[in-house]
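S.K.: Here you go, this is my_file-v3.txt (compact mmCIF, C-alpha atoms and all ligand atoms).
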```
# COMPACT_ATOMS: atom_id res chain seq x y z
CA MET Q 1 78.88 -121.10 -190.38
CA SER Q 2 79.99 -118.76 -193.18
CA SER Q 3 81.94 -115.64 -192.44
CA GLU Q 4 80.19 -112.29 -192.09
CA PRO Q 5 81.41 -110.90 -195.47
CA HIS Q 6 80.11 -114.05 -197.20
CA LEU Q 7 76.73 -113.81 -195.48
CA ARG Q 8 76.39 -110.13 -196.41
CA ALA Q 9 77.14 -111.01 -200.03
CA ASP Q 10 74.69 -113.95 -199.90
CA ILE Q 11 71.86 -111.73 -198.62
CA VAL Q 12 72.52 -109.32 -201.50
CA GLU Q 13 72.39 -112.23 -203.95
CA VAL Q 14 69.19 -113.72 -202.51
CA GLY Q 15 67.55 -110.27 -202.55
CA ARG Q 16 68.53 -109.83 -206.20
CA ARG Q 17 67.07 -113.22 -207.13
CA MET Q 18 63.82 -112.56 -205.27
CA TYR Q 19 63.39 -109.21 -207.03
CA ALA Q 20 64.37 -110.63 -210.44
CA ARG Q 21 61.82 -113.43 -210.09
CA GLY Q 22 59.09 -110.98 -209.10
CA TYR Q 23 58.73 -112.28 -205.54
CA THR Q 24 58.97 -108.73 -204.27
CA ALA Q 25 58.05 -105.32 -205.68
CA SER Q 26 59.45 -102.00 -204.56
CA ASN Q 27 60.76 -102.36 -200.97
CA ASP Q 28 58.83 -105.54 -200.10
CA GLY Q 29 60.30 -108.54 -198.35
CA ASN Q 30 63.08 -109.13 -195.87
CA ILE Q 31 65.91 -111.56 -195.23
CA SER Q 32 67.90 -112.50 -192.14
CA VAL Q 33 70.57 -115.00 -191.15
CA ARG Q 34 72.20 -116.04 -187.88
CA LEU Q 35 75.62 -114.52 -187.46
CA GLY Q 36 76.41 -116.15 -184.11
CA PRO Q 37 74.62 -117.44 -181.00
CA ASP Q 38 73.13 -114.01 -180.24
CA ARG Q 39 73.58 -112.09 -183.47
CA LEU Q 40 71.49 -111.70 -186.61
CA LEU Q 41 72.38 -110.12 -189.92
CA MET Q 42 69.28 -108.57 -191.47
CA THR Q 43 68.12 -106.51 -194.42
CA PRO Q 44 67.40 -102.87 -193.54
CA LYS Q 45 64.06 -101.10 -193.63
CA SER Q 46 62.83 -99.45 -196.84
CA VAL Q 47 65.24 -100.72 -199.47
CA CYS Q 48 64.50 -102.55 -202.70
CA LYS Q 49 65.80 -106.11 -202.32
CA GLY Q 50 67.02 -106.05 -205.92
CA PHE Q 51 69.53 -103.25 -205.38
CA MET Q 52 71.14 -103.90 -202.00
CA THR Q 53 74.85 -103.67 -201.19
CA PRO Q 54 76.67 -105.69 -198.49
CA GLU Q 55 77.31 -102.73 -196.19
CA MET Q 56 73.59 -101.87 -195.99
CA MET Q 57 72.82 -104.79 -193.66
CA CYS Q 58 72.04 -104.41 -189.95
CA ILE Q 59 73.34 -106.52 -187.10
CA THR Q 60 70.92 -107.01 -184.19
CA ASP Q 61 70.76 -109.23 -181.13
CA LEU Q 62 67.96 -111.75 -180.63
CA GLU Q 63 65.88 -109.10 -178.82
CA GLY Q 64 66.01 -106.87 -181.88
CA ARG Q 65 68.43 -104.29 -180.49
CA LYS Q 66 70.59 -102.80 -183.22
CA ILE Q 67 74.27 -103.49 -182.71
CA GLN Q 68 75.70 -102.27 -185.98
CA GLY Q 69 74.53 -100.61 -189.20
CA ASP Q 70 73.71 -97.16 -190.54
CA ARG Q 71 70.13 -98.11 -191.27
CA ASP Q 72 67.31 -99.47 -189.12
CA PRO Q 73 66.50 -103.18 -189.35
CA SER Q 74 63.59 -104.55 -191.36
CA SER Q 75 60.06 -103.50 -190.43
CA GLU Q 76 59.23 -107.24 -190.09
CA MET Q 77 62.04 -107.81 -187.60
CA LEU Q 78 59.57 -109.00 -184.91
CA MET Q 79 58.45 -111.86 -187.16
CA HIS Q 80 62.07 -112.90 -187.80
CA LEU Q 81 62.92 -112.77 -184.07
CA GLU Q 82 59.93 -114.96 -183.28
CA VAL Q 83 61.02 -117.58 -185.80
CA TYR Q 84 64.55 -117.76 -184.31
CA ARG Q 85 63.07 -118.00 -180.80
CA GLN Q 86 60.72 -120.84 -181.74
CA ARG Q 87 63.15 -122.69 -184.00
CA PRO Q 88 66.69 -122.94 -182.62
CA ASP Q 89 67.53 -124.99 -185.72
CA ALA Q 90 66.65 -122.11 -188.09
CA GLN Q 91 69.71 -120.40 -189.52
CA ALA Q 92 67.92 -118.10 -191.97
CA VAL Q 93 64.50 -116.55 -192.61
CA VAL Q 94 63.13 -115.23 -195.90
CA HIS Q 95 59.91 -113.26 -196.37
CA ALA Q 96 58.50 -112.22 -199.75
CA HIS Q 97 55.26 -111.65 -201.65
CA PRO Q 98 55.49 -114.12 -204.56
CA PRO Q 99 52.34 -113.33 -206.56
CA ILE Q 100 50.83 -116.76 -207.17
CA ALA Q 101 51.45 -118.13 -203.68
CA THR Q 102 50.21 -114.81 -202.30
CA GLY Q 103 47.11 -115.21 -204.49
CA PHE Q 104 46.40 -118.48 -202.64
CA ALA Q 105 47.00 -116.61 -199.36
CA VAL Q 106 44.47 -113.97 -200.45
CA ALA Q 107 41.95 -116.62 -201.52
CA GLY Q 108 42.40 -118.40 -198.18
CA ILE Q 109 43.42 -121.65 -199.92
CA PRO Q 110 46.33 -123.41 -198.19
CA LEU Q 111 48.78 -125.41 -200.31
CA ASP Q 112 48.09 -128.60 -198.41
CA ARG Q 113 46.84 -131.04 -201.06
CA ALA Q 114 48.95 -134.09 -201.83
CA VAL Q 115 49.86 -133.34 -205.45
CA LEU Q 116 53.65 -133.14 -205.77
CA ALA Q 117 55.88 -135.88 -204.39
CA GLU Q 118 58.89 -133.60 -203.93
CA VAL Q 119 56.91 -131.00 -201.99
CA LEU Q 120 55.55 -133.74 -199.72
CA THR Q 121 59.04 -135.01 -198.92
CA THR Q 122 60.53 -131.54 -198.37
CA LEU Q 123 58.02 -128.99 -197.07
CA GLY Q 124 55.12 -131.36 -196.36
CA SER Q 125 52.32 -128.82 -196.49
CA ILE Q 126 52.11 -125.04 -196.60
CA PRO Q 127 49.45 -123.70 -194.25
CA ILE Q 128 48.13 -120.13 -194.03
CA ALA Q 129 48.91 -118.11 -190.89
CA GLU Q 130 45.94 -115.95 -189.90
CA TYR Q 131 45.73 -112.38 -191.10
CA ALA Q 132 47.78 -109.96 -189.03
CA THR Q 133 48.69 -106.33 -189.55
CA PRO Q 134 52.17 -106.27 -191.10
CA SER Q 135 55.06 -105.08 -188.91
CA THR Q 136 52.99 -105.33 -185.67
CA LYS Q 137 53.22 -107.90 -182.86
CA GLU Q 138 50.17 -109.62 -184.42
CA LEU Q 139 52.30 -111.13 -187.16
CA PRO Q 140 54.73 -113.04 -184.89
CA ALA Q 141 51.70 -114.33 -182.96
CA ALA Q 142 50.07 -115.61 -186.17
CA VAL Q 143 53.32 -117.25 -187.30
CA ARG Q 144 53.87 -118.91 -183.90
CA LYS Q 145 50.91 -121.23 -184.51
CA TYR Q 146 52.61 -122.99 -187.44
CA ILE Q 147 56.33 -122.40 -187.17
CA LYS Q 148 57.28 -125.37 -185.00
CA ALA Q 149 55.84 -127.83 -187.53
CA HIS Q 150 56.53 -126.06 -190.86
CA ASP Q 151 59.50 -124.63 -192.76
CA GLY Q 152 57.22 -122.59 -195.01
CA MET Q 153 53.85 -120.92 -194.70
CA LEU Q 154 51.59 -118.42 -196.40
CA LEU Q 155 50.59 -115.26 -194.54
CA ALA Q 156 46.92 -114.44 -195.13
CA ASN Q 157 46.46 -111.46 -197.49
CA HIS Q 158 50.16 -110.72 -197.29
CA GLY Q 159 52.80 -113.15 -198.60
CA ALA Q 160 54.95 -116.11 -197.62
CA LEU Q 161 57.62 -117.00 -195.07
CA THR Q 162 60.32 -119.69 -195.23
CA ILE Q 163 63.12 -120.82 -192.96
CA GLY Q 164 66.19 -122.92 -193.61
CA GLY Q 165 69.35 -124.49 -192.28
CA ASP Q 166 71.20 -121.84 -194.28
CA LEU Q 167 70.30 -118.76 -196.31
CA PHE Q 168 70.00 -120.43 -199.70
CA GLY Q 169 68.02 -123.28 -198.13
CA ALA Q 170 65.43 -120.77 -196.90
CA TYR Q 171 65.39 -119.01 -200.28
CA TYR Q 172 64.94 -122.26 -202.23
CA LYS Q 173 61.92 -123.09 -200.09
CA MET Q 174 60.42 -119.78 -201.21
CA GLU Q 175 61.04 -120.85 -204.82
CA THR Q 176 59.42 -124.23 -204.11
CA ILE Q 177 56.32 -122.59 -202.64
CA GLU Q 178 55.85 -120.27 -205.61
CA HIS Q 179 56.49 -123.10 -208.08
CA PHE Q 180 54.04 -125.35 -206.24
CA ALA Q 181 51.43 -122.56 -206.23
CA LYS Q 182 51.90 -122.07 -209.98
CA ILE Q 183 51.46 -125.77 -210.73
CA SER Q 184 48.43 -126.01 -208.42
CA LEU Q 185 46.84 -123.04 -210.14
CA VAL Q 186 47.35 -124.54 -213.60
CA ALA Q 187 45.94 -127.92 -212.54
CA ARG Q 188 42.90 -126.26 -211.01
CA LEU Q 189 42.34 -124.13 -214.11
CA LEU Q 190 42.52 -127.31 -216.17
CA GLY Q 191 39.80 -128.65 -213.90
CA ARG Q 192 41.47 -131.76 -212.52
CA GLU Q 193 43.91 -132.67 -209.80
CA ASN Q 194 45.01 -136.25 -209.41
CA LEU Q 195 45.78 -136.48 -205.71
CA ILE Q 196 48.51 -138.69 -204.28
CA ALA Q 197 46.87 -141.35 -202.10
CA ARG Q 198 47.42 -141.43 -198.35
CA GLU Q 199 49.37 -144.70 -198.58
CA GLU Q 200 51.81 -143.13 -201.06
CA VAL Q 201 52.10 -140.00 -198.87
CA ASP Q 202 53.17 -142.29 -196.01
CA ARG Q 203 55.72 -143.93 -198.30
CA LEU Q 204 57.11 -140.52 -199.35
CA GLN Q 205 57.34 -139.46 -195.74
CA GLY Q 206 59.40 -142.58 -195.07
CA LEU Q 207 61.88 -141.41 -197.73
CA ARG Q 208 62.65 -138.16 -195.92
CA GLY Q 209 65.35 -139.83 -193.84
CA SER Q 210 67.09 -141.46 -196.79
CA TYR Q 211 67.24 -138.09 -198.63
CA GLY Q 212 68.67 -136.48 -195.49
CA ILE Q 213 65.67 -134.15 -195.23
CA LYS Q 214 65.07 -132.91 -191.72
CA ALA Q 215 61.38 -132.08 -191.65
CA PRO Q 216 60.35 -130.15 -188.55
CA ALA Q 217 57.29 -132.38 -187.94
CA PRO Q 218 55.62 -135.51 -189.33
CA ILE Q 219 52.62 -135.47 -191.66
CA CYS Q 220 49.43 -135.70 -189.53
CA ALA Q 221 47.97 -139.20 -189.40
CA ASP Q 222 44.46 -137.75 -189.12
CA PRO Q 223 44.13 -134.35 -190.87
CA ALA Q 224 40.59 -133.73 -189.51
CA GLU Q 225 41.75 -134.24 -185.93
CA ALA Q 226 44.81 -132.02 -186.51
CA LEU Q 227 42.62 -129.23 -187.95
CA ALA Q 228 40.35 -129.46 -184.88
CA VAL Q 229 43.44 -128.97 -182.66
CA LEU Q 230 44.36 -125.87 -184.68
CA ASP Q 231 40.80 -124.51 -184.42
CA SER Q 232 41.05 -124.75 -180.65
CA GLY Q 233 44.00 -122.31 -180.87
CA ASP Q 234 46.82 -124.75 -180.13
CA PRO Q 235 49.95 -124.67 -182.31
CA ALA Q 236 50.43 -127.24 -185.07
CA LEU Q 237 52.51 -130.27 -184.09
CA CYS Q 238 52.20 -132.05 -187.43
CA GLN Q 239 51.68 -131.15 -191.11
CA VAL Q 240 48.14 -131.35 -192.46
CA VAL Q 241 48.16 -132.97 -195.92
CA GLN Q 242 44.90 -133.58 -197.77
CA ALA Q 243 45.28 -137.04 -199.29
CA PRO Q 244 42.44 -139.50 -199.98
CA GLN Q 245 42.64 -143.22 -199.28
CA GLY Q 246 43.83 -144.89 -202.46
CA GLY Q 247 42.42 -148.38 -202.01
CA GLY Q 248 45.37 -149.77 -203.98
CA GLN Q 249 45.63 -146.80 -206.38
CA ARG Q 250 48.51 -144.40 -205.93
CA LEU Q 251 46.75 -141.50 -207.66
CA VAL Q 252 43.13 -140.60 -207.00
CA PRO Q 253 41.46 -138.43 -209.66
CA GLU Q 254 39.62 -135.41 -208.35
CA VAL Q 255 37.69 -133.05 -210.58
CA THR Q 256 37.63 -129.44 -209.57
CA VAL Q 257 35.20 -126.92 -210.98
CA PRO Q 258 36.58 -123.44 -211.56
CA ALA Q 259 34.46 -120.67 -210.05
CA GLY Q 260 31.73 -119.54 -212.45
CA ARG Q 261 31.91 -122.77 -214.43
CA GLU Q 262 29.68 -124.85 -212.18
CA ASP Q 263 27.38 -125.53 -215.18
CA GLY Q 264 30.22 -127.41 -216.80
CA ARG Q 265 30.61 -129.80 -213.85
CA GLU Q 266 31.53 -133.25 -215.04
CA ILE Q 267 29.14 -135.93 -213.82
CA ARG Q 268 30.47 -139.44 -213.41
CA LEU Q 269 28.01 -142.32 -213.22
CA THR Q 270 28.54 -146.02 -213.15
CA TYR Q 271 27.01 -148.03 -216.01
CA ARG Q 272 24.40 -149.36 -213.59
CA GLU Q 273 23.44 -145.83 -212.41
CA LEU Q 274 23.22 -144.57 -215.98
CA SER Q 275 21.03 -147.54 -217.01
CA ALA Q 276 18.75 -146.89 -214.02
CA LEU Q 277 18.38 -143.23 -215.03
CA ILE Q 278 17.52 -144.18 -218.64
CA GLU Q 279 15.03 -146.81 -217.47
CA GLU Q 280 13.44 -144.24 -215.16
CA ALA Q 281 13.13 -141.74 -218.04
CA VAL Q 282 11.66 -144.37 -220.37
CA ARG Q 283 9.15 -145.44 -217.69
CA SER Q 284 7.99 -141.85 -217.20
CA LEU Q 285 7.36 -141.54 -220.96
CA ARG Q 286 4.96 -144.49 -221.03
ZN ZN Q 301 55.57 -108.48 -196.30
```
Write the structure described by the file as structure tokens, please.
M.R.:
Amino acid sequence: MSSEPHLRADIVEVGRRMYARGYTASNDGNISVRLGPDRLLMTPKSVCKGFMTPEMMCITDLEGRKIQGDRDPSSEMLMHLEVYRQRPDAQAVVHAHPPIATGFAVAGIPLDRAVLAEVLTTLGSIPIAEYATPSTKELPAAVRKYIKAHDGMLLANHGALTIGGDLFGAYYKMETIEHFAKISLVARLLGRENLIAREEVDRLQGLRGSYGIKAPAPICADPAEALAVLDSGDPALCQVVQAPQGGGQRLVPEVTVPAGREDGREIRLTYRELSALIEEAVRSLR
């Protein structure tokens, strides 16, 4: 584990990058890192993450009691504490409001479609934790449902949360989520997403080990069954990824229709179906 001065400097740097990339505005967002078995180093309440200094940080224990620091710890401290409780492997937690990913969180659209191979091997899928009032005990409860099986999630009508084996690992997952959201948005605006077939998703999952990626949970074998488990209120034990059967194809084309453009829906017919329609029309003319 890095020394305390290094970790303070790293939090400052991550905060600066988040602000520079527009993942936070004003005083949004918060960052924490484990300092020892029972110590956390955390960003303070009410500061812009782009203009922090190392001495601003707070040290708390795992119950949230302040041990050191002139300022009070982050208003989302309860969410951070919950993550460390549920995930002993987590060394760092990053929370921000990256605008495109947060747009998906506002629209209620999880980033769980099989479209990018690298996202499938690293994060798997990015679900949406239910809406909860920020800075209350509701937020840790909403996060609890997904945190054992995911290193990143959206927070409904709020933002995103990532965890990592170190501070930059957690931050890079935030970058991946926003980048993934941006690419998904563009593909959907273009009106087509070629989805990675289930068989290829399984193959990518098999590569996790050889890349040294420690995913917190496997990709669900049956997404419908896994979603039913979640609906019953139980926490996620696997990662729901929407991937169609490929039947030998590795990419399966899927046409999406942007809202308000339903009239422009592309209709695909086989030659036989088209011929039958023409014959039908000709018959009705006679
Ligand atoms: Zn927030």
S.K.: Do you have the atom CA of Q:Ala228-atom CA of Q:Pro216 distance handy?
M.R.: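 A separation of 20.3 Å between them.
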S.K.: Could you list, as a PyMOL selection string, all protein and nucleic acid residues with an atom at most 7 Å from ligand ZN 301 (chain Q), counting all atoms listed in the file?
M.R.: chain Q and resi 28-29+95-97+134+158-159
S.K.: Okay, now the selection with C-alpha atoms, as a JSON list (two decimals), keeping the file's coordinate frame?
M.R.:
```
[["chain", "number", "residue", "atom", "x", "y", "z"],
["Q", 28, "ASP", "CA", 58.83, -105.54, -200.10],
["Q", 29, "GLY", "CA", 60.30, -108.54, -198.35],
["Q", 95, "HIS", "CA", 59.91, -113.26, -196.37],
["Q", 96, "ALA", "CA", 58.50, -112.22, -199.75],
["Q", 97, "HIS", "CA", 55.26, -111.65, -201.65],
["Q", 134, "PRO", "CA", 52.17, -106.27, -191.10],
["Q", 158, "HIS", "CA", 50.16, -110.72, -197.29],
["Q", 159, "GLY", "CA", 52.80, -113.15, -198.60]]
```
S.K.: Would you kindly return, as a list in words, each protein, DNA or RNA residue with an atom no farther than 6 Å from any atom of stretch 83-92 of chain Q, considering all atoms listed in the file and excluding same-chain residues fewer than 5 positions away?
M.R.: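 The neighbour list is Ser32, Val33, Arg34, Ile163, Gly164, Gly165, Asp166 and Leu167 of chain Q.
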S.K.: Set the distance at 12 Å and use all atoms listed in the file: which residues neighbour Q:Ala132 once local chain neighbours fewer than 5 positions away are removed? I'd like the list as a PyMOL selection string.
M.R.: chain Q and resi 76+79+137-144+154-159
S.K.: Could you check how far atom CA of Q:Ala160 sits from atom CA of Q:Gln68, in Å to one decimal?
M.R.: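 Value for the atom CA of Q:Ala160-atom CA of Q:Gln68 distance: 27.5 Å.
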S.K.: Between atom CA of Q:Glu4 and atom CA of Q:Lys66, what is the distance in Å, rounded to a tenth?
M.R.: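 Spanning atom CA of Q:Glu4 to atom CA of Q:Lys66 is a straight-line distance of 16.2 Å.
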S.K.: Determine, counting only C-alpha atoms, which protein, DNA and RNA residues have an atom within 10 Å of an atom of stretch 194-211 of chain Q; residues of the same chain fewer than 3 positions away are not included. Present the result as a PyMOL selection string.
M.R.: chain Q and resi 113-122+124+187+214-215+218-221+241-255
S.K.: Using only C-alpha atoms, which of Q:Ser2, Q:Val14, Q:Arg21, Q:Met57 sits nearest Q:Gly36?
M.R.: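 Of Q:Ser2, Q:Val14, Q:Arg21, Q:Met57, the one nearest Q:Gly36, counting only C-alpha atoms, is Q:Ser2.
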S.K.: Find the residues near Q:Glu225: any atom within 12 Å, counting only C-alpha atoms, skip ones fewer than 2 places away on the same chain, and give them as a ChimeraX atom specification.
M.R.: /Q:220-223,227-232,236-241
S.K.: Selected residues, C-alpha atoms, written as a JSON list (two decimals), keeping the file's coordinate frame, please.
M.R.:
```
[["chain", "number", "residue", "atom", "x", "y", "z"],
["Q", 220, "CYS", "CA", 49.43, -135.70, -189.53],
["Q", 221, "ALA", "CA", 47.97, -139.20, -189.40],
["Q", 222, "ASP", "CA", 44.46, -137.75, -189.12],
["Q", 223, "PRO", "CA", 44.13, -134.35, -190.87],
["Q", 227, "LEU", "CA", 42.62, -129.23, -187.95],
["Q", 228, "ALA", "CA", 40.35, -129.46, -184.88],
["Q", 229, "VAL", "CA", 43.44, -128.97, -182.66],
["Q", 230, "LEU", "CA", 44.36, -125.87, -184.68],
["Q", 231, "ASP", "CA", 40.80, -124.51, -184.42],
["Q", 232, "SER", "CA", 41.05, -124.75, -180.65],
["Q", 236, "ALA", "CA", 50.43, -127.24, -185.07],
["Q", 237, "LEU", "CA", 52.51, -130.27, -184.09],
["Q", 238, "CYS", "CA", 52.20, -132.05, -187.43],
["Q", 239, "GLN", "CA", 51.68, -131.15, -191.11],
["Q", 240, "VAL", "CA", 48.14, -131.35, -192.46],
["Q", 241, "VAL", "CA", 48.16, -132.97, -195.92]]
```
S.K.: Using the atoms already present, construct all heavy atoms for stretch 275-285 of chain Q and hand them back as a PDB file, in the frame of the given file.
M.R.:
```pdb
ATOM      1  N   SER Q 275      22.127-146.700-216.509  1.00  0.00           N
ATOM      2  CA  SER Q 275      21.030-147.540-217.010  1.00  0.00           C
ATOM      3  C   SER Q 275      19.761-147.271-216.209  1.00  0.00           C
ATOM      4  O   SER Q 275      18.666-147.165-216.765  1.00  0.00           O
ATOM      5  CB  SER Q 275      21.385-149.021-216.871  1.00  0.00           C
ATOM      6  OG  SER Q 275      22.602-149.262-217.511  1.00  0.00           O
ATOM      7  N   ALA Q 276      19.916-147.120-214.871  1.00  0.00           N
ATOM      8  CA  ALA Q 276      18.750-146.890-214.020  1.00  0.00           C
ATOM      9  C   ALA Q 276      18.090-145.562-214.380  1.00  0.00           C
ATOM     10  O   ALA Q 276      16.862-145.469-214.457  1.00  0.00           O
ATOM     11  CB  ALA Q 276      19.175-146.889-212.555  1.00  0.00           C
ATOM     12  N   LEU Q 277      18.921-144.548-214.660  1.00  0.00           N
ATOM     13  CA  LEU Q 277      18.380-143.230-215.030  1.00  0.00           C
ATOM     14  C   LEU Q 277      17.612-143.312-216.346  1.00  0.00           C
ATOM     15  O   LEU Q 277      16.527-142.732-216.497  1.00  0.00           O
ATOM     16  CB  LEU Q 277      19.510-142.216-215.170  1.00  0.00           C
ATOM     17  CG  LEU Q 277      19.975-141.507-213.908  1.00  0.00           C
ATOM     18  CD1 LEU Q 277      21.150-140.603-214.238  1.00  0.00           C
ATOM     19  CD2 LEU Q 277      18.840-140.680-213.295  1.00  0.00           C
ATOM     20  N   ILE Q 278      18.176-144.054-217.325  1.00  0.00           N
ATOM     21  CA  ILE Q 278      17.520-144.180-218.640  1.00  0.00           C
ATOM     22  C   ILE Q 278      16.196-144.951-218.473  1.00  0.00           C
ATOM     23  O   ILE Q 278      15.158-144.537-218.992  1.00  0.00           O
ATOM     24  CB  ILE Q 278      18.460-144.866-219.657  1.00  0.00           C
ATOM     25  CG1 ILE Q 278      19.657-143.948-219.944  1.00  0.00           C
ATOM     26  CG2 ILE Q 278      17.717-145.203-220.950  1.00  0.00           C
ATOM     27  CD1 ILE Q 278      20.791-144.598-220.711  1.00  0.00           C
ATOM     28  N   GLU Q 279      16.253-146.028-217.703  1.00  0.00           N
ATOM     29  CA  GLU Q 279      15.030-146.810-217.470  1.00  0.00           C
ATOM     30  C   GLU Q 279      13.944-145.950-216.841  1.00  0.00           C
ATOM     31  O   GLU Q 279      12.790-145.991-217.239  1.00  0.00           O
ATOM     32  CB  GLU Q 279      15.342-147.990-216.534  1.00  0.00           C
ATOM     33  CG  GLU Q 279      15.843-149.212-217.269  1.00  0.00           C
ATOM     34  CD  GLU Q 279      16.307-150.295-216.308  1.00  0.00           C
ATOM     35  OE1 GLU Q 279      15.744-150.404-215.204  1.00  0.00           O
ATOM     36  OE2 GLU Q 279      17.269-150.993-216.664  1.00  0.00           O
ATOM     37  N   GLU Q 280      14.360-145.143-215.862  1.00  0.00           N
ATOM     38  CA  GLU Q 280      13.440-144.240-215.160  1.00  0.00           C
ATOM     39  C   GLU Q 280      12.793-143.267-216.173  1.00  0.00           C
ATOM     40  O   GLU Q 280      11.584-143.056-216.182  1.00  0.00           O
ATOM     41  CB  GLU Q 280      14.226-143.469-214.111  1.00  0.00           C
ATOM     42  CG  GLU Q 280      13.464-142.379-213.387  1.00  0.00           C
ATOM     43  CD  GLU Q 280      12.618-142.925-212.262  1.00  0.00           C
ATOM     44  OE1 GLU Q 280      13.066-143.892-211.626  1.00  0.00           O
ATOM     45  OE2 GLU Q 280      11.506-142.393-212.060  1.00  0.00           O
ATOM     46  N   ALA Q 281      13.618-142.698-217.041  1.00  0.00           N
ATOM     47  CA  ALA Q 281      13.130-141.740-218.040  1.00  0.00           C
ATOM     48  C   ALA Q 281      12.167-142.413-219.008  1.00  0.00           C
ATOM     49  O   ALA Q 281      11.117-141.867-219.356  1.00  0.00           O
ATOM     50  CB  ALA Q 281      14.325-141.146-218.801  1.00  0.00           C
ATOM     51  N   VAL Q 282      12.510-143.638-219.427  1.00  0.00           N
ATOM     52  CA  VAL Q 282      11.660-144.370-220.370  1.00  0.00           C
ATOM     53  C   VAL Q 282      10.319-144.689-219.719  1.00  0.00           C
ATOM     54  O   VAL Q 282       9.248-144.522-220.305  1.00  0.00           O
ATOM     55  CB  VAL Q 282      12.371-145.663-220.848  1.00  0.00           C
ATOM     56  CG1 VAL Q 282      11.437-146.563-221.635  1.00  0.00           C
ATOM     57  CG2 VAL Q 282      13.584-145.306-221.700  1.00  0.00           C
ATOM     58  N   ARG Q 283      10.384-145.102-218.429  1.00  0.00           N
ATOM     59  CA  ARG Q 283       9.150-145.440-217.690  1.00  0.00           C
ATOM     60  C   ARG Q 283       8.222-144.223-217.629  1.00  0.00           C
ATOM     61  O   ARG Q 283       7.025-144.324-217.823  1.00  0.00           O
ATOM     62  CB  ARG Q 283       9.505-145.889-216.269  1.00  0.00           C
ATOM     63  CG  ARG Q 283       9.375-147.414-216.059  1.00  0.00           C
ATOM     64  CD  ARG Q 283       9.249-147.757-214.598  1.00  0.00           C
ATOM     65  NE  ARG Q 283      10.288-147.187-213.773  1.00  0.00           N
ATOM     66  CZ  ARG Q 283      11.503-147.726-213.611  1.00  0.00           C
ATOM     67  NH1 ARG Q 283      11.788-148.880-214.215  1.00  0.00           N
ATOM     68  NH2 ARG Q 283      12.400-147.149-212.862  1.00  0.00           N
ATOM     69  N   SER Q 284       8.822-143.044-217.360  1.00  0.00           N
ATOM     70  CA  SER Q 284       7.990-141.850-217.200  1.00  0.00           C
ATOM     71  C   SER Q 284       7.370-141.406-218.513  1.00  0.00           C
ATOM     72  O   SER Q 284       6.404-140.660-218.545  1.00  0.00           O
ATOM     73  CB  SER Q 284       8.787-140.713-216.584  1.00  0.00           C
ATOM     74  OG  SER Q 284       9.777-140.301-217.499  1.00  0.00           O
ATOM     75  N   LEU Q 285       7.914-141.891-219.649  1.00  0.00           N
ATOM     76  CA  LEU Q 285       7.360-141.540-220.960  1.00  0.00           C
ATOM     77  C   LEU Q 285       6.105-142.371-221.280  1.00  0.00           C
ATOM     78  O   LEU Q 285       5.266-141.951-222.046  1.00  0.00           O
ATOM     79  CB  LEU Q 285       8.425-141.801-222.057  1.00  0.00           C
ATOM     80  CG  LEU Q 285       9.501-140.730-222.226  1.00  0.00           C
ATOM     81  CD1 LEU Q 285      10.529-141.180-223.247  1.00  0.00           C
ATOM     82  CD2 LEU Q 285       8.895-139.386-222.646  1.00  0.00           C
TER      83      LEU Q 285
END
```
